[in-house]
$ cat model-v9.csv   # CSV, C-alpha atoms
chain,number,residue,atom,x,y,z
D,1,MET,CA,-51.1,-45.5,107.5
D,2,LEU,CA,-51.8,-43.9,110.9
D,3,ALA,CA,-49.5,-41.2,112.2
D,4,THR,CA,-49.5,-38.8,115.2
D,5,VAL,CA,-48.2,-35.3,114.7
D,6,PRO,CA,-48.3,-32.0,116.6
D,7,ALA,CA,-50.9,-29.6,115.5
D,8,PRO,CA,-49.9,-26.8,113.1
D,9,ALA,CA,-49.0,-23.4,114.4
D,10,GLY,CA,-52.0,-21.4,115.4
D,11,PHE,CA,-54.0,-24.3,116.8
D,12,GLY,CA,-52.4,-24.5,120.2
D,13,VAL,CA,-50.7,-27.6,121.8
D,14,ALA,CA,-52.5,-30.7,120.5
D,15,GLU,CA,-51.7,-34.0,118.9
D,16,LEU,CA,-53.4,-35.0,115.6
D,17,GLN,CA,-54.0,-38.5,114.5
D,18,LEU,CA,-53.7,-38.7,110.8
D,19,ASP,CA,-54.9,-41.3,108.3
D,20,ILE,CA,-52.3,-40.9,105.6
D,21,ASP,CA,-53.4,-41.7,102.0
D,22,ASP,CA,-50.6,-44.0,101.1
D,23,ALA,CA,-51.1,-43.9,97.4
D,24,GLU,CA,-51.2,-40.1,97.3
D,25,HIS,CA,-48.2,-39.9,99.6
D,26,GLU,CA,-46.1,-42.2,97.3
D,27,ARG,CA,-47.3,-40.3,94.2
D,28,ARG,CA,-46.1,-37.0,95.8
D,29,ARG,CA,-42.8,-38.5,96.8
D,30,ALA,CA,-42.2,-39.7,93.2
D,31,ALA,CA,-43.2,-36.3,91.8
D,32,GLY,CA,-41.0,-34.4,94.4
D,33,LEU,CA,-44.1,-32.7,95.8
D,34,GLY,CA,-44.6,-32.0,99.5
D,35,VAL,CA,-47.6,-29.9,100.7
D,36,ALA,CA,-49.9,-28.2,98.2
D,37,THR,CA,-50.5,-25.0,100.1
D,38,GLY,CA,-48.0,-22.7,98.3
D,39,HIS,CA,-50.8,-20.4,97.1
D,40,GLY,CA,-53.1,-20.5,100.1
D,41,PHE,CA,-56.8,-21.1,100.2
D,42,GLY,CA,-57.3,-19.6,96.8
D,43,GLY,CA,-55.2,-22.3,95.1
D,44,LEU,CA,-57.0,-25.1,96.8
D,45,ASP,CA,-60.3,-23.4,95.8
D,46,VAL,CA,-59.2,-23.7,92.2
D,47,LEU,CA,-58.1,-27.3,92.6
D,48,MET,CA,-61.5,-28.2,94.3
D,49,ALA,CA,-63.3,-26.8,91.2
D,50,LEU,CA,-61.5,-29.4,89.0
D,51,PRO,CA,-62.5,-33.1,88.9
D,52,HIS,CA,-59.7,-35.4,90.0
D,53,GLY,CA,-58.0,-37.2,87.1
D,54,LEU,CA,-60.4,-35.9,84.4
D,55,PRO,CA,-59.4,-33.5,81.6
D,56,VAL,CA,-61.1,-30.1,81.7
D,57,PRO,CA,-60.9,-27.6,78.8
D,58,LEU,CA,-58.8,-24.5,79.7
D,59,GLU,CA,-61.4,-22.3,78.0
D,60,ALA,CA,-63.9,-23.5,80.7
D,61,LEU,CA,-61.7,-21.9,83.4
D,62,THR,CA,-61.6,-18.3,84.6
D,63,ASP,CA,-58.5,-16.2,84.0
D,64,HIS,CA,-57.5,-16.7,87.6
D,65,GLN,CA,-57.9,-20.5,87.4
D,66,ARG,CA,-55.9,-20.7,84.2
D,67,ALA,CA,-53.2,-18.6,85.7
D,68,TYR,CA,-53.0,-20.9,88.7
D,69,VAL,CA,-52.9,-24.2,86.8
D,70,SER,CA,-50.3,-22.9,84.5
D,71,ARG,CA,-47.9,-22.1,87.3
D,72,GLY,CA,-48.7,-25.0,89.7
D,73,PRO,CA,-45.8,-27.1,90.8
D,74,ALA,CA,-45.1,-30.5,89.2
D,75,GLY,CA,-47.4,-33.2,90.5
D,76,ILE,CA,-50.4,-30.9,91.2
D,77,CYS,CA,-51.8,-30.7,87.7
D,78,THR,CA,-50.8,-31.2,84.0
D,79,VAL,CA,-51.6,-28.8,81.3
D,80,THR,CA,-51.5,-30.4,77.8
D,81,GLY,CA,-52.6,-28.5,74.8
D,82,ASN,CA,-55.9,-26.9,75.7
D,83,GLN,CA,-56.8,-29.2,78.7
D,84,VAL,CA,-55.8,-29.5,82.3
D,85,VAL,CA,-55.9,-32.6,84.5
D,86,ARG,CA,-55.7,-32.3,88.3
D,87,HIS,CA,-53.6,-35.0,89.9
D,88,VAL,CA,-53.3,-33.9,93.5
D,89,THR,CA,-55.8,-35.1,96.2
D,90,ARG,CA,-56.0,-34.5,99.9
D,91,PRO,CA,-53.0,-36.4,101.4
D,92,CYS,CA,-54.6,-37.4,104.7
D,93,ARG,CA,-57.6,-37.3,106.9
D,94,VAL,CA,-57.3,-35.8,110.4
D,95,ARG,CA,-59.2,-38.3,112.5
D,96,LEU,CA,-58.7,-36.9,116.0
D,97,ALA,CA,-57.2,-33.9,117.8
D,98,THR,CA,-56.0,-34.7,121.4
D,99,VAL,CA,-55.3,-32.0,124.0
D,100,ARG,CA,-53.5,-33.0,127.1
D,101,ALA,CA,-54.3,-31.1,130.3
D,102,ALA,CA,-54.0,-31.5,134.1
D,103,SER,CA,-57.8,-31.4,134.4
D,104,ALA,CA,-61.0,-31.2,132.4
D,105,SER,CA,-60.9,-27.4,132.7
D,106,GLN,CA,-62.5,-24.6,130.6
D,107,LEU,CA,-59.0,-24.0,129.1
D,108,ALA,CA,-58.8,-27.6,128.0
D,109,LEU,CA,-62.3,-27.4,126.5
D,110,ASP,CA,-61.5,-24.1,124.7
D,111,ALA,CA,-58.3,-25.7,123.3
D,112,ALA,CA,-60.2,-28.7,121.9
D,113,GLU,CA,-62.9,-26.5,120.5
D,114,LYS,CA,-60.4,-25.0,118.0
D,115,PHE,CA,-60.8,-28.3,116.0
D,116,THR,CA,-64.6,-28.3,116.0
D,117,ALA,CA,-65.0,-27.9,112.3
D,118,LEU,CA,-62.1,-30.2,111.4
D,119,CYS,CA,-62.1,-33.5,113.2
D,120,ALA,CA,-63.1,-35.4,116.4
D,121,ARG,CA,-61.7,-34.0,119.6
D,122,ARG,CA,-60.5,-35.5,122.9
D,123,VAL,CA,-58.9,-34.2,126.1
D,124,ILE,CA,-56.6,-36.4,128.2
D,125,THR,CA,-56.3,-35.4,131.8
D,126,THR,CA,-54.1,-36.7,134.7
D,127,ARG,CA,-56.4,-35.5,137.4
D,128,ALA,CA,-59.8,-37.2,138.0
D,129,PRO,CA,-62.7,-34.8,137.8
D,130,SER,CA,-64.3,-33.8,141.0
D,131,VAL,CA,-67.3,-35.8,141.9
D,132,TYR,CA,-68.9,-32.6,143.1
D,133,PHE,CA,-68.8,-31.0,139.6
D,134,PRO,CA,-70.1,-33.6,137.2
D,135,GLU,CA,-71.6,-30.9,135.1
D,136,LYS,CA,-68.2,-30.2,133.6
D,137,LEU,CA,-68.0,-33.6,132.0
D,138,LEU,CA,-71.6,-33.0,130.8
D,139,GLU,CA,-70.4,-29.8,129.1
D,140,PHE,CA,-67.6,-31.7,127.4
D,141,GLY,CA,-70.1,-34.3,126.3
D,142,SER,CA,-72.6,-31.8,125.0
D,143,CYS,CA,-69.8,-30.2,122.9
D,144,GLY,CA,-68.9,-33.7,121.5
D,145,ILE,CA,-65.4,-33.6,123.1
D,146,GLY,CA,-64.2,-36.8,124.7
D,147,VAL,CA,-62.5,-37.0,128.0
D,148,CYS,CA,-60.0,-39.6,129.1
D,149,LEU,CA,-58.2,-40.0,132.5
D,150,GLN,CA,-54.6,-41.1,132.3
D,151,HIS,CA,-53.6,-43.3,135.2
D,152,PRO,CA,-50.1,-43.4,136.6
D,153,ASP,CA,-49.4,-46.6,134.7
D,154,GLU,CA,-50.3,-44.7,131.5
D,155,GLU,CA,-53.6,-46.6,131.1
D,156,LEU,CA,-56.4,-44.5,129.6
D,157,GLU,CA,-59.9,-44.6,131.1
D,158,THR,CA,-62.6,-43.1,128.9
D,159,LEU,CA,-64.9,-40.9,130.9
D,160,VAL,CA,-66.7,-39.3,127.9
D,161,GLU,CA,-66.6,-40.7,124.4
D,162,PRO,CA,-65.7,-38.2,121.6
D,163,ARG,CA,-68.5,-37.6,119.1
D,164,PRO,CA,-67.6,-39.3,115.8
D,165,TRP,CA,-66.5,-36.8,113.1
D,166,ARG,CA,-68.6,-36.6,110.0
D,167,VAL,CA,-67.7,-34.4,107.1
D,168,LYS,CA,-70.5,-32.0,106.4
D,169,ARG,CA,-68.9,-30.2,103.5
D,170,HIS,CA,-65.6,-30.1,101.7
D,171,SER,CA,-63.9,-26.7,101.9
D,172,PRO,CA,-60.6,-25.2,100.9
D,173,GLU,CA,-60.0,-24.4,104.6
D,174,ALA,CA,-60.4,-28.1,105.6
D,175,TRP,CA,-58.1,-29.2,102.8
D,176,TRP,CA,-55.5,-26.5,103.8
D,177,PHE,CA,-55.7,-27.9,107.4
D,178,ALA,CA,-55.1,-31.5,106.1
D,179,GLU,CA,-52.1,-30.2,104.0
D,180,THR,CA,-50.5,-28.4,107.0
D,181,ALA,CA,-51.0,-31.5,109.2
D,182,TYR,CA,-49.4,-33.6,106.4
D,183,GLY,CA,-46.5,-31.1,106.4
D,184,GLN,CA,-46.0,-31.9,110.1
D,185,PHE,CA,-46.0,-35.6,109.2
D,186,LEU,CA,-43.3,-35.0,106.5
D,187,THR,CA,-41.0,-33.3,109.1
D,188,GLN,CA,-41.2,-36.3,111.5
D,189,PRO,CA,-38.1,-38.5,111.6
D,190,SER,CA,-38.5,-41.8,109.7
D,191,PRO,CA,-38.3,-44.9,111.9
D,192,PRO,CA,-35.0,-46.7,111.7
D,193,ALA,CA,-34.8,-49.5,109.2
D,194,PRO,CA,-34.9,-53.0,110.8
D,195,THR,CA,-31.6,-54.7,111.2
D,196,LEU,CA,-31.2,-58.3,110.0
D,197,SER,CA,-29.6,-60.8,112.2
D,198,PRO,CA,-26.6,-62.6,110.6
D,199,ALA,CA,-27.3,-66.1,109.4
D,200,LEU,CA,-26.1,-68.7,111.8
$ encode --input "model-v9.csv" --output "structure tokens"
Amino acid sequence: MLATVPAPAGFGVAELQLDIDDAEHERRRAAGLGVATGHGFGGLDVLMALPHGLPVPLEALTDHQRAYVSRGPAGICTVTGNQVVRHVTRPCRVRLATVRAASASQLALDAAEKFTALCARRVITTRAPSVYFPEKLLEFGSCGIGVCLQHPDEELETLVEPRPWRVKRHSPEAWWFAETAYGQFLTQPSPPAPTLSPAL
């Protein structure tokens, strides 16, 4: 499922395109679990050290790790006897961050740069770049940031393609960002249920 949400606080004004993990989303709903960021990066660091869905002996964990898994909310992990199993996985992937600006300015570039380590980036402008300063578009391109021009009829013209995002390493910070973006998704109003026309 694709969803568009505002960026979490601290990342400026941007829209995030999310690829929601439907299976994990439904599992969390059934377990009554929302976001898994209650204990900050440290908790996600513990969870990343545990394989998903496989039992791990508690004696193999540090005191800090054992303390975390023993108090984790329902749906995150299960402690049975002397073993723990992690159930939670990353709820979504952030595909693209889009910053909207009047022009392809340095401010727009700086705003998009905040997402460099997290996802692909794009700036949508409403003013065509000056033909006298093509180097600004080259700067966006060299940073891997796409640029689109939005015409009055809402059509988007791609001036610079965003560089595809490739995960270089999994980190608690990236998981935390995905969780906070997922939290934004959870606060969005659900679309109205379709109405059925009465049978004739």
$ residues_around --input "model-v9.csv" --residues "region 75-85 of chain D" --least-positions-apart "3" --cutoff "7 Å" --atoms "all atoms listed in the file" --output "list of chain:residue names"
D:Arg28, D:Ala31, D:Leu33, D:Gly53, D:Leu54, D:Pro55, D:Val56, D:Pro57, D:Leu58, D:Val69, D:Ser70, D:Gly72, D:Val88
$ closest_residue --input "model-v9.csv" --among "D:Thr158, D:Gln106, D:Ser142, D:Thr180" --to "Phe11 (chain D)" --atoms "only C-alpha atoms"
D:Thr180
$ residues_around --input "model-v9.csv" --residues "Ala14 (chain D)" --least-positions-apart "4" --cutoff "12 Å" --atoms "only C-alpha atoms" --output "number ranges by chain"
D: 4-10, 96-101, 108-115, 121-124, 181
$ residues_near_point --input "model-v9.csv" --point "(-53.4, -20.8, 94.5)" --cutoff "12 Å" --atoms "only C-alpha atoms" --output "number ranges by chain"
D: 36-48, 64-73, 76, 172, 176
$ closest_residue --input "model-v9.csv" --among "D:Thr126, D:Gln188, D:Thr116, D:Ser103" --to "Ala174 (chain D)" --atoms "all atoms listed in the file"
D:Thr116
$ residues_around --input "model-v9.csv" --residues "Val160 (chain D)" --least-positions-apart "5" --cutoff "8 Å" --atoms "all atoms listed in the file" --output "ChimeraX atom specification"
/D:137,140-141,145-148
$ residues_around --input "model-v9.csv" --residues "Arg169 (chain D)" --least-positions-apart "6" --cutoff "12 Å" --atoms "all atoms listed in the file" --output "list in words"
Met48, Ala117, Leu118 and Trp175 of chain D
$ atom_distance --input "model-v9.csv" --atom1 "CA of Glu59 (chain D)" --atom2 "CA of His87 (chain D)"
19.1 Å
$ atom_distance --input "model-v9.csv" --atom1 "CA of Thr187 (chain D)" --atom2 "CA of Glu154 (chain D)"
26.8 Å
$ atom_distance --input "model-v9.csv" --atom1 "CA of Asp21 (chain D)" --atom2 "CA of Cys119 (chain D)"
16.4 Å
